[in-house]
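Printed here is protein_27.cif (mmCIF, C-alpha atoms (C1' of nucleotides); chains and numbers go by the auth columns):
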```
data_input
#
loop_
_atom_site.group_PDB
_atom_site.id
_atom_site.type_symbol
_atom_site.label_atom_id
_atom_site.label_comp_id
_atom_site.label_asym_id
_atom_site.label_seq_id
_atom_site.Cartn_x
_atom_site.Cartn_y
_atom_site.Cartn_z
_atom_site.B_iso_or_equiv
_atom_site.auth_seq_id
_atom_site.auth_asym_id
ATOM 1 C CA MET A 1 4.130 3.454 19.040 0.00 894 A
ATOM 2 C CA SER A 2 2.855 6.610 17.361 0.00 895 A
ATOM 3 C CA PRO A 3 -0.854 7.488 17.124 0.00 896 A
ATOM 4 C CA LEU A 4 -0.580 7.132 13.370 0.00 897 A
ATOM 5 C CA TYR A 5 0.416 3.505 13.676 0.00 898 A
ATOM 6 C CA VAL A 6 -2.381 2.879 16.130 0.00 899 A
ATOM 7 C CA SER A 7 -4.957 4.174 13.666 0.00 900 A
ATOM 8 C CA ILE A 8 -3.411 2.234 10.803 0.00 901 A
ATOM 9 C CA TYR A 9 -3.502 -0.989 12.786 0.00 902 A
ATOM 10 C CA GLU A 10 -7.041 -0.362 13.944 0.00 903 A
ATOM 11 C CA LEU A 11 -8.126 0.127 10.361 0.00 904 A
ATOM 12 C CA VAL A 12 -6.353 -3.009 9.160 0.00 905 A
ATOM 13 C CA LYS A 13 -7.915 -5.021 11.959 0.00 906 A
ATOM 14 C CA ALA A 14 -11.317 -3.872 10.725 0.00 907 A
ATOM 15 C CA ILE A 15 -10.867 -5.533 7.334 0.00 908 A
ATOM 16 C CA PRO A 16 -13.039 -8.646 7.351 0.00 909 A
ATOM 17 C CA SER A 17 -11.616 -12.051 6.554 0.00 910 A
ATOM 18 C CA GLY A 18 -12.019 -12.800 2.877 0.00 911 A
ATOM 19 C CA GLN A 19 -11.643 -9.169 1.866 0.00 912 A
ATOM 20 C CA VAL A 20 -8.644 -6.959 1.123 0.00 913 A
ATOM 21 C CA GLY A 21 -7.709 -3.307 1.376 0.00 914 A
ATOM 22 C CA THR A 22 -5.064 -1.327 -0.493 0.00 915 A
ATOM 23 C CA TYR A 23 -2.244 0.774 0.915 0.00 916 A
ATOM 24 C CA GLY A 24 -3.751 3.852 -0.651 0.00 917 A
ATOM 25 C CA GLN A 25 -7.179 3.068 0.718 0.00 918 A
ATOM 26 C CA ILE A 26 -5.915 2.634 4.266 0.00 919 A
ATOM 27 C CA GLY A 27 -3.747 5.724 3.855 0.00 920 A
ATOM 28 C CA ARG A 28 -6.679 7.890 2.866 0.00 921 A
ATOM 29 C CA LEU A 29 -8.833 6.508 5.656 0.00 922 A
ATOM 30 C CA CYS A 30 -6.265 7.385 8.319 0.00 923 A
ATOM 31 C CA GLY A 31 -4.943 10.542 6.670 0.00 924 A
ATOM 32 C CA CYS A 32 -1.453 9.486 5.718 0.00 925 A
ATOM 33 C CA SER A 33 0.395 8.462 2.571 0.00 926 A
ATOM 34 C CA PRO A 34 0.414 4.874 1.293 0.00 927 A
ATOM 35 C CA ARG A 35 4.098 4.569 2.105 0.00 928 A
ATOM 36 C CA GLN A 36 3.416 4.918 5.804 0.00 929 A
ATOM 37 C CA VAL A 37 0.917 2.103 5.579 0.00 930 A
ATOM 38 C CA GLY A 38 3.454 -0.161 3.925 0.00 931 A
ATOM 39 C CA TYR A 39 6.042 0.782 6.498 0.00 932 A
ATOM 40 C CA ALA A 40 3.610 0.137 9.321 0.00 933 A
ATOM 41 C CA MET A 41 2.894 -3.329 7.936 0.00 934 A
ATOM 42 C CA ALA A 42 6.591 -4.093 7.678 0.00 935 A
ATOM 43 C CA VAL A 43 7.035 -3.421 11.384 0.00 936 A
ATOM 44 C CA SER A 44 3.651 -4.746 12.505 0.00 937 A
ATOM 45 C CA PRO A 45 4.351 -5.962 16.005 0.00 938 A
ATOM 46 C CA THR A 46 1.863 -8.740 16.524 0.00 939 A
ATOM 47 C CA ASP A 47 0.130 -11.452 14.591 0.00 940 A
ATOM 48 C CA ASP A 48 -3.349 -10.277 15.571 0.00 941 A
ATOM 49 C CA ILE A 49 -2.973 -7.636 12.869 0.00 942 A
ATOM 50 C CA PRO A 50 -4.186 -9.126 9.572 0.00 943 A
ATOM 51 C CA TRP A 51 -1.397 -7.490 7.566 0.00 944 A
ATOM 52 C CA GLN A 52 -1.936 -10.011 4.801 0.00 945 A
ATOM 53 C CA ARG A 53 -5.174 -8.255 3.840 0.00 946 A
ATOM 54 C CA VAL A 54 -3.336 -5.146 2.655 0.00 947 A
ATOM 55 C CA ILE A 55 -2.202 -5.294 -0.971 0.00 948 A
ATOM 56 C CA ASN A 56 -1.336 -2.740 -3.633 0.00 949 A
ATOM 57 C CA SER A 57 -3.683 -0.818 -5.895 0.00 950 A
ATOM 58 C CA ARG A 58 -3.207 -3.280 -8.770 0.00 951 A
ATOM 59 C CA GLY A 59 -4.553 -6.126 -6.673 0.00 952 A
ATOM 60 C CA GLU A 60 -1.142 -7.724 -6.295 0.00 953 A
ATOM 61 C CA ILE A 61 0.971 -8.729 -3.350 0.00 954 A
ATOM 62 C CA SER A 62 3.667 -6.089 -3.217 0.00 955 A
ATOM 63 C CA VAL A 63 7.279 -6.976 -3.858 0.00 956 A
ATOM 64 C CA ARG A 64 9.321 -6.661 -0.670 0.00 957 A
ATOM 65 C CA SER A 65 12.607 -4.827 -0.361 0.00 958 A
ATOM 66 C CA ASP A 66 14.401 -8.136 -0.833 0.00 959 A
ATOM 67 C CA GLY A 67 12.858 -8.385 -4.298 0.00 960 A
ATOM 68 C CA PHE A 68 10.510 -11.253 -3.504 0.00 961 A
ATOM 69 C CA LYS A 69 6.789 -11.469 -2.909 0.00 962 A
ATOM 70 C CA ASP A 70 5.644 -12.904 0.390 0.00 963 A
ATOM 71 C CA THR A 71 4.271 -16.370 -0.322 0.00 964 A
ATOM 72 C CA GLU A 72 2.856 -16.618 3.185 0.00 965 A
ATOM 73 C CA GLN A 73 0.673 -13.609 2.446 0.00 966 A
ATOM 74 C CA TYR A 74 -0.611 -15.409 -0.635 0.00 967 A
ATOM 75 C CA ARG A 75 -1.313 -18.572 1.351 0.00 968 A
ATOM 76 C CA ARG A 76 -3.134 -16.719 4.124 0.00 969 A
ATOM 77 C CA LEU A 77 -5.397 -14.826 1.735 0.00 970 A
ATOM 78 C CA LYS A 78 -6.177 -17.928 -0.255 0.00 971 A
ATOM 79 C CA ARG A 79 -7.084 -19.721 2.985 0.00 972 A
ATOM 80 C CA GLU A 80 -9.497 -16.880 3.744 0.00 973 A
ATOM 81 C CA GLY A 81 -11.240 -17.376 0.423 0.00 974 A
ATOM 82 C CA VAL A 82 -9.620 -14.625 -1.619 0.00 975 A
ATOM 83 C CA VAL A 83 -9.325 -15.709 -5.253 0.00 976 A
ATOM 84 C CA PHE A 84 -6.180 -15.030 -7.284 0.00 977 A
ATOM 85 C CA ASP A 85 -6.190 -15.136 -11.060 0.00 978 A
ATOM 86 C CA ALA A 86 -3.536 -16.892 -13.151 0.00 979 A
ATOM 87 C CA ARG A 87 -1.205 -13.863 -12.865 0.00 980 A
ATOM 88 C CA GLY A 88 -1.529 -13.786 -9.089 0.00 981 A
ATOM 89 C CA ARG A 89 -3.896 -10.868 -8.939 0.00 982 A
ATOM 90 C CA VAL A 90 -7.027 -10.260 -6.911 0.00 983 A
ATOM 91 C CA ASP A 91 -10.148 -8.759 -8.482 0.00 984 A
ATOM 92 C CA LEU A 92 -10.498 -5.645 -6.341 0.00 985 A
ATOM 93 C CA ALA A 93 -14.012 -4.998 -7.611 0.00 986 A
ATOM 94 C CA THR A 94 -15.006 -8.252 -5.900 0.00 987 A
ATOM 95 C CA PHE A 95 -12.771 -8.469 -2.843 0.00 988 A
ATOM 96 C CA GLN A 96 -11.904 -4.911 -1.826 0.00 989 A
ATOM 97 C CA TRP A 97 -13.215 -3.890 1.570 0.00 990 A
ATOM 98 C CA SER A 98 -15.768 -1.089 1.362 0.00 991 A
ATOM 99 C CA GLY A 99 -14.321 0.711 4.357 0.00 992 A
ATOM 100 C CA PRO A 100 -15.687 1.207 7.887 0.00 993 A
ATOM 101 C CA ASP A 101 -18.679 3.114 6.584 0.00 994 A
ATOM 102 C CA GLY A 102 -18.859 2.205 2.927 0.00 995 A
ATOM 103 C CA VAL A 103 -16.420 5.046 2.373 0.00 996 A
ATOM 104 C CA TRP A 104 -14.556 3.414 -0.463 0.00 997 A
ATOM 105 C CA TRP A 105 -17.576 3.101 -2.706 0.00 998 A
ATOM 106 C CA SER A 106 -18.613 6.702 -2.288 0.00 999 A
ATOM 107 C CA GLU A 107 -15.065 7.858 -2.938 0.00 1000 A
ATOM 108 C CA HIS A 108 -15.169 6.113 -6.270 0.00 1001 A
ATOM 109 C CA HIS A 109 -18.639 7.390 -7.041 0.00 1002 A
ATOM 110 C CA LEU A 110 -20.004 3.883 -7.242 0.00 1003 A
ATOM 111 C CA GLU A 111 -22.981 2.107 -5.785 0.00 1004 A
ATOM 112 C CA PRO A 112 -22.201 -0.695 -3.340 0.00 1005 A
ATOM 113 C CA PRO A 113 -22.859 -4.212 -4.594 0.00 1006 A
ATOM 114 C CA LEU A 114 -26.088 -5.891 -3.536 0.00 1007 A
ATOM 115 C "C1'" DT B 1 19.548 18.885 12.269 0.00 164 B
ATOM 116 C "C1'" DA B 2 19.817 16.727 7.528 0.00 165 B
ATOM 117 C "C1'" DA B 3 19.584 13.010 4.507 0.00 166 B
ATOM 118 C "C1'" DA B 4 18.112 8.486 3.159 0.00 167 B
ATOM 119 C "C1'" DT B 5 14.603 5.015 2.947 0.00 168 B
ATOM 120 C "C1'" DG B 6 10.456 2.671 1.658 0.00 169 B
ATOM 121 C "C1'" DA B 7 5.186 -4.026 1.523 0.00 170 B
ATOM 122 C "C1'" DC B 8 2.882 3.079 -2.646 0.00 171 B
ATOM 123 C "C1'" DT B 9 0.083 5.706 -6.252 0.00 172 B
ATOM 124 C "C1'" DA B 10 -1.655 8.613 -9.900 0.00 173 B
ATOM 125 C "C1'" DA B 11 -0.669 10.556 -14.086 0.00 174 B
ATOM 126 C "C1'" DC B 12 1.425 10.548 -17.888 0.00 175 B
ATOM 127 C "C1'" DA B 13 3.896 8.795 -22.599 0.00 176 B
ATOM 128 C "C1'" DG C 1 -0.829 -3.705 -22.062 0.00 594 C
ATOM 129 C "C1'" DT C 2 4.406 -1.458 -20.412 0.00 595 C
ATOM 130 C "C1'" DG C 3 7.740 2.141 -18.543 0.00 596 C
ATOM 131 C "C1'" DT C 4 8.848 6.571 -16.382 0.00 597 C
ATOM 132 C "C1'" DT C 5 8.210 10.432 -13.141 0.00 598 C
ATOM 133 C "C1'" DA C 6 6.937 13.075 -9.523 0.00 599 C
ATOM 134 C "C1'" DG C 7 4.840 13.209 -5.174 0.00 600 C
ATOM 135 C "C1'" DC C 8 4.245 11.108 -0.898 0.00 601 C
ATOM 136 C "C1'" DC C 9 5.793 11.765 4.624 0.00 602 C
ATOM 137 C "C1'" DA C 10 6.820 9.011 9.092 0.00 603 C
ATOM 138 C "C1'" DT C 11 10.659 6.579 10.475 0.00 604 C
ATOM 139 C "C1'" DT C 12 15.373 5.742 10.647 0.00 605 C
ATOM 140 C "C1'" DT C 13 20.169 6.758 10.510 0.00 606 C
#
```
Take the structure I supplied and represent it as structure tokens, if you would.
Amino acid sequence: MSPLYVSIYELVKAIPSGQVGTYGQIGRLCGCSPRQVGYAMAVSPTDDIPWQRVINSRGEISVRSDGFKDTEQYRRLKREGVVFDARGRVDLATFQWSGPDGVWWSEHHLEPPL
DNA sequence: TAAATGACTAACA
DNA sequence: GTGTTAGCCATTT
């Protein structure tokens, strides 16, 4: 396994239960493109990697190459307390992980929530 | 080696 | 809000 994958998996494992990260967010944090993050999730070797907590920048579960969304991902997130709206989307402003050091908020020039 | 392939995204129109 | 386009870059073939 390449060092890149190791850092991606480490980052994903740092996302707390009940929160989500985006492919782009993880990509920026580990210095690679979002596509690599998606690819790394697709081949994630073990179940101790919370791959379900990585979704796309629109707050949706990404469509897989077979053209279907992963319903297990939806179930897992819901079980962790993540709320989906009627169109199956997550409110990123509420549920997006702030990063290992609050990085995400500063990147977006925002103040962290109380 | 070279080309194809993505669980993507930002910036447009 | 929708649709298109260009860029992305490690992995795979």
Would you kindly report the residues of chain B within 7 Å of chain A, using all atoms listed in the file, as a CSV table (one decimal) with C-alpha atoms (C1' of nucleotides), keeping the file's coordinate frame?
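As written to disk, result_24.csv reads:
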```
chain,number,residue,atom,x,y,z
B,169,DG,C1',10.5,2.7,1.7
B,170,DA,C1',5.2,-4.0,1.5
B,171,DC,C1',2.9,3.1,-2.6
```
Discussion item. Only residues of chain C matter here; which ones have an atom within 7 Å of chain A, counting all atoms listed in the file? Give them as a ChimeraX atom specification.
Written reply: /C:601-603
The selected residues should be written to file as a short mmCIF file (atom, residue, chain, number, x, y, z; two decimals), keeping the file's coordinate frame (atoms: C-alpha atoms (C1' of nucleotides)).
```cif
data_model
loop_
_atom_site.label_atom_id
_atom_site.label_comp_id
_atom_site.auth_asym_id
_atom_site.auth_seq_id
_atom_site.Cartn_x
_atom_site.Cartn_y
_atom_site.Cartn_z
"C1'" DC C 601 4.24 11.11 -0.90
"C1'" DC C 602 5.79 11.76 4.62
"C1'" DA C 603 6.82 9.01 9.09
#
```
Worksheet item: Written as a list in words, which residues does the PyMOL selection byres ((chain C and resi 605) around 9) give for the file shown?
Response: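 With the PyMOL selection byres ((chain C and resi 605) around 9) on this model, the match is DA167 and DT168 of chain B; DT604 and DT606 of chain C.
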Keeping only C-alpha atoms (C1' of nucleotides), take the residues you just selected and write them out as a PDB file, keeping the file's coordinate frame.
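Saved result, result-v2.pdb, follows:
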```
ATOM      1  C1'  DA B 167      18.112   8.486   3.159  1.00  0.00           C
ATOM      2  C1'  DT B 168      14.603   5.015   2.947  1.00  0.00           C
TER       3       DT B 168
ATOM      4  C1'  DT C 604      10.659   6.579  10.475  1.00  0.00           C
ATOM      5  C1'  DT C 606      20.169   6.758  10.510  1.00  0.00           C
TER       6       DT C 606
END
```
Worksheet item: To one decimal place, how far is CA of Asp978 (chain A) from CA of Asp959 (chain A) in Å?
Response: 24.0 Å
Practice prompt. Quick one: pull the distance between CA of Val913 (chain A) and CA of Arg946 (chain A), Å, one decimal.
Written response: 4.6 Å
Item to complete: Report as a list in words the residues that result from applying the PyMOL selection byres ((chain A and resi 909) around 10) to the structure here.
Response: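 With the PyMOL selection byres ((chain A and resi 909) around 10) on this model, the match is Val905, Lys906, Ala907, Ile908, Ser910, Gly911, Gln912, Val913, Gly914, Pro943, Arg946, Glu973, Gln989, Trp990 and Gly992 of chain A.
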Discussion item. Report, in Å with one decimal, the straight-line distance from CA of Arg921 (chain A) to CA of Gln966 (chain A).
Written reply: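 A separation of 22.7 Å between them.
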Worksheet item: Hey, what comes out of the PyMOL selection byres ((chain B and resi 176) around 12) on this file? Could you write it as number ranges by chain?
Response: B: 174-175; C: 595-598
Box centre and edge lengths (Å, one decimal), axis-aligned, chain C plus 5 Å each side, as lines of an AutoDock Vina configuration file:
```
center_x = 9.7
center_y = 4.8
center_z = -5.7
size_x = 31.0
size_y = 26.9
size_z = 42.7
```
